[in-house]
Structure formats: C-alpha cells, structure tokens
Amino acid sequence: MTVMKLFSSFVLLTSFFLYAGEIDSLLVRGRHLFYSSVEEPAQIETAIAVFQDIAKRQPALAGRAMTYIGSLKALQGKFAFWPHTKWKLANQGLAVMDSGLSMNPDDIESLFVHSSTCYFLPFFF
C-alpha cells in the first residue's frame with residue numbers, strides 16, 4: 001500500500017512539473033509573439049489566442065495574460081486604417097489592460113507591459 005501511495009505521489013508531482021513547464025513554454029511563445037506583433041500585425045491574433053490559453057490554464061496568470069491581450073488589442077489600433085477604428089481599438093485595449101492589471105496590481109511584468117503600451121500611445125490618449 002505504501003508503494004502505491006509513493007507511486008501516485010510521484011505521478012502527481014511529475015504531472016505538476018510537466019504542466020508548469022508547459023505554461024512556461026506558452027509564456028515564452030506568447031512573449032515572442034507579442035514583441036514580433038509590433039512589426040508584424042499578422043501575429044496579433046495568434047498572440048491573443050496564446051494569452052487566452054494561458055489565462056484559461058493558469059488562473060494565477062490571468063491578470064498578466066489580460067494585460068498582454070489588452071496591449072495587443074491597442075496594438076491592433078496602430079495598424080487600423082480608419083481613425084475612429086484606431087480610437088476604438090486603443091480604448092478597448094486600455095480597458096482590458098486596466099482590468100488585467102487590477103487582477104494582480106503587483107505583477108511587475110504586467111506593470112511593465114501596461115506602462116510601455118501607455119508610453120507609446122499618441123499624446124491625446
């Protein structure tokens with residue numbers, strides 16, 4: 001009976017670390033897509049999907065993921081053609097970023113993404 005408990009504990013711990021590694025690799029992929037989206041607008045939707053997946057799989061990172069998603073939505077405004085579409089997307093992105101940051105206001109990565117995005121917005125925002 002003790003061997004069975006040890007084996008089940010080993011399986012649980014192994015699966016936990018594999019899952020944590022999977023989340024880490026998703027974060028790395030999401031960050032890479034996020035930074036490449038600044039120059040390649042085709043990457044934005046894929047990056048949003050990765051961060052939505054992270055938020056779903058790891059609730060502790062949902063605030064960070066939402067901050068990235070908001071920044072990506074605001075970035076969509078950069079590539080929009082019509083000024084009113086730019087305005088709408090930027091405002092939507094800011095709202096999503098704010099809600100993500102409010103979920104975890106002490107997360108340094110969320111603070112960096114939020115502040116960097118706000119810094120590069122046009123002056124009238």
# chains A, B, ... in the order shown; residues from 1 in each chain; ligands from 1

call {"tool": "residues_around", "arguments": {"residues": "region 111-125 of chain A", "least_positions_apart": "2", "cutoff": "7 Å", "atoms": "only C-alpha atoms", "output": "list in words"}}
result
Thr67, Tyr68, Ser71, Met97, Asp107, Ile108 and Glu109 of chain A

call {"tool": "write_last_selection", "arguments": {"atoms": "C-alpha atoms", "output": "short mmCIF file (atom, residue, chain, number, x, y, z; two decimals), in the first residue's frame"}}
result
data_model
loop_
_atom_site.label_atom_id
_atom_site.label_comp_id
_atom_site.auth_asym_id
_atom_site.auth_seq_id
_atom_site.Cartn_x
_atom_site.Cartn_y
_atom_site.Cartn_z
CA THR A 67 -2.71 42.82 -19.68
CA TYR A 68 -0.93 41.37 -22.69
CA SER A 71 -1.90 45.70 -25.13
CA MET A 97 -5.16 46.23 -19.79
CA ASP A 107 2.88 41.84 -11.03
CA ILE A 108 5.99 43.51 -12.38
CA GLU A 109 5.60 42.11 -15.88
#

call {"tool": "residues_around", "arguments": {"residues": "Leu61 (chain A)", "least_positions_apart": "4", "cutoff": "10 Å", "atoms": "only C-alpha atoms", "output": "ChimeraX atom specification"}}
result
/A:23,27,51,54-57,65-66,100,103-104,107,110

call {"tool": "write_last_selection", "arguments": {"atoms": "all heavy atoms", "output": "compact mmCIF listing (two decimals), in the first residue's frame"}}
result
# COMPACT_ATOMS: atom_id res chain seq x y z
N ILE A 23 3.21 25.63 -19.24
CA ILE A 23 2.78 27.03 -19.07
C ILE A 23 3.96 27.96 -19.33
O ILE A 23 3.81 28.99 -20.00
CB ILE A 23 2.21 27.26 -17.65
CG1 ILE A 23 0.92 26.46 -17.47
CG2 ILE A 23 1.97 28.73 -17.39
CD1 ILE A 23 -0.20 26.84 -18.39
N LEU A 27 4.18 30.87 -22.12
CA LEU A 27 4.54 32.26 -21.82
C LEU A 27 5.67 32.75 -22.72
O LEU A 27 5.61 33.87 -23.24
CB LEU A 27 4.95 32.41 -20.35
CG LEU A 27 3.85 32.70 -19.36
CD1 LEU A 27 4.36 32.59 -17.93
CD2 LEU A 27 3.26 34.07 -19.60
N PHE A 51 -2.31 33.94 -25.21
CA PHE A 51 -2.55 34.51 -23.87
C PHE A 51 -3.93 34.14 -23.32
O PHE A 51 -4.09 33.98 -22.10
CB PHE A 51 -2.32 36.02 -23.87
CG PHE A 51 -0.87 36.38 -23.90
CD1 PHE A 51 -0.31 36.96 -25.02
CD2 PHE A 51 -0.05 36.11 -22.83
CE1 PHE A 51 1.04 37.27 -25.07
CE2 PHE A 51 1.31 36.42 -22.85
CZ PHE A 51 1.85 37.01 -23.98
N ILE A 54 -3.34 30.74 -21.89
CA ILE A 54 -2.62 30.84 -20.61
C ILE A 54 -3.60 31.22 -19.50
O ILE A 54 -3.57 30.65 -18.41
CB ILE A 54 -1.47 31.87 -20.71
CG1 ILE A 54 -0.36 31.33 -21.61
CG2 ILE A 54 -0.92 32.22 -19.33
CD1 ILE A 54 0.69 32.35 -21.98
N ALA A 55 -4.46 32.20 -19.76
CA ALA A 55 -5.43 32.64 -18.75
C ALA A 55 -6.37 31.51 -18.37
O ALA A 55 -6.75 31.37 -17.20
CB ALA A 55 -6.22 33.83 -19.26
N LYS A 56 -6.74 30.69 -19.34
CA LYS A 56 -7.64 29.57 -19.09
C LYS A 56 -6.95 28.47 -18.28
O LYS A 56 -7.53 27.91 -17.36
CB LYS A 56 -8.12 28.99 -20.42
CG LYS A 56 -9.53 28.52 -20.43
CD LYS A 56 -9.99 27.95 -21.74
CE LYS A 56 -9.31 28.52 -22.96
NZ LYS A 56 -9.75 27.95 -24.21
N ARG A 57 -5.71 28.18 -18.62
CA ARG A 57 -4.99 27.07 -17.99
C ARG A 57 -4.43 27.41 -16.62
O ARG A 57 -4.31 26.55 -15.77
CB ARG A 57 -3.83 26.63 -18.87
CG ARG A 57 -4.23 25.95 -20.13
CD ARG A 57 -2.99 25.57 -20.89
NE ARG A 57 -3.30 24.94 -22.14
CZ ARG A 57 -2.58 23.97 -22.65
NH1 ARG A 57 -1.51 23.54 -22.02
NH2 ARG A 57 -2.91 23.44 -23.80
N ALA A 65 -1.96 37.76 -18.38
CA ALA A 65 -2.42 37.44 -19.74
C ALA A 65 -3.40 38.50 -20.25
O ALA A 65 -3.32 38.91 -21.41
CB ALA A 65 -3.08 36.06 -19.75
N MET A 66 -4.29 38.97 -19.39
CA MET A 66 -5.24 40.01 -19.80
C MET A 66 -4.53 41.31 -20.12
O MET A 66 -4.93 42.04 -21.03
CB MET A 66 -6.30 40.24 -18.71
CG MET A 66 -7.27 39.10 -18.54
SD MET A 66 -8.21 38.73 -20.02
CE MET A 66 -9.15 40.22 -20.21
N GLY A 100 -6.86 43.74 -16.49
CA GLY A 100 -5.83 42.74 -16.22
C GLY A 100 -4.90 43.17 -15.11
O GLY A 100 -4.55 42.38 -14.23
N MET A 103 -6.34 42.82 -11.65
CA MET A 103 -6.40 41.45 -11.12
C MET A 103 -5.15 41.11 -10.32
O MET A 103 -5.20 40.30 -9.40
CB MET A 103 -6.56 40.44 -12.27
CG MET A 103 -7.89 40.53 -12.97
SD MET A 103 -7.95 39.53 -14.47
CE MET A 103 -8.17 37.91 -13.77
N ASN A 104 -4.03 41.70 -10.68
CA ASN A 104 -2.76 41.47 -9.98
C ASN A 104 -1.91 42.73 -10.08
O ASN A 104 -0.99 42.80 -10.90
CB ASN A 104 -2.05 40.25 -10.58
CG ASN A 104 -0.91 39.78 -9.71
OD1 ASN A 104 -0.61 40.37 -8.68
ND2 ASN A 104 -0.25 38.72 -10.13
N ASP A 107 2.13 42.64 -10.07
CA ASP A 107 2.88 41.84 -11.03
C ASP A 107 3.75 42.76 -11.87
O ASP A 107 3.26 43.60 -12.63
CB ASP A 107 1.92 41.03 -11.91
CG ASP A 107 2.64 40.15 -12.90
OD1 ASP A 107 3.61 39.48 -12.48
OD2 ASP A 107 2.25 40.13 -14.07
N SER A 110 3.25 42.69 -15.71
CA SER A 110 2.03 43.39 -16.12
C SER A 110 2.22 44.90 -16.06
O SER A 110 1.78 45.62 -16.96
CB SER A 110 0.85 42.99 -15.23
OG SER A 110 0.56 41.63 -15.37

call {"tool": "atom_distance", "arguments": {"atom1": "CA of Gln43 (chain A)", "atom2": "CA of Arg64 (chain A)"}}
result
18.8 Å

call {"tool": "atom_distance", "arguments": {"atom1": "CA of Ala42 (chain A)", "atom2": "CA of Ala90 (chain A)"}}
result
17.4 Å
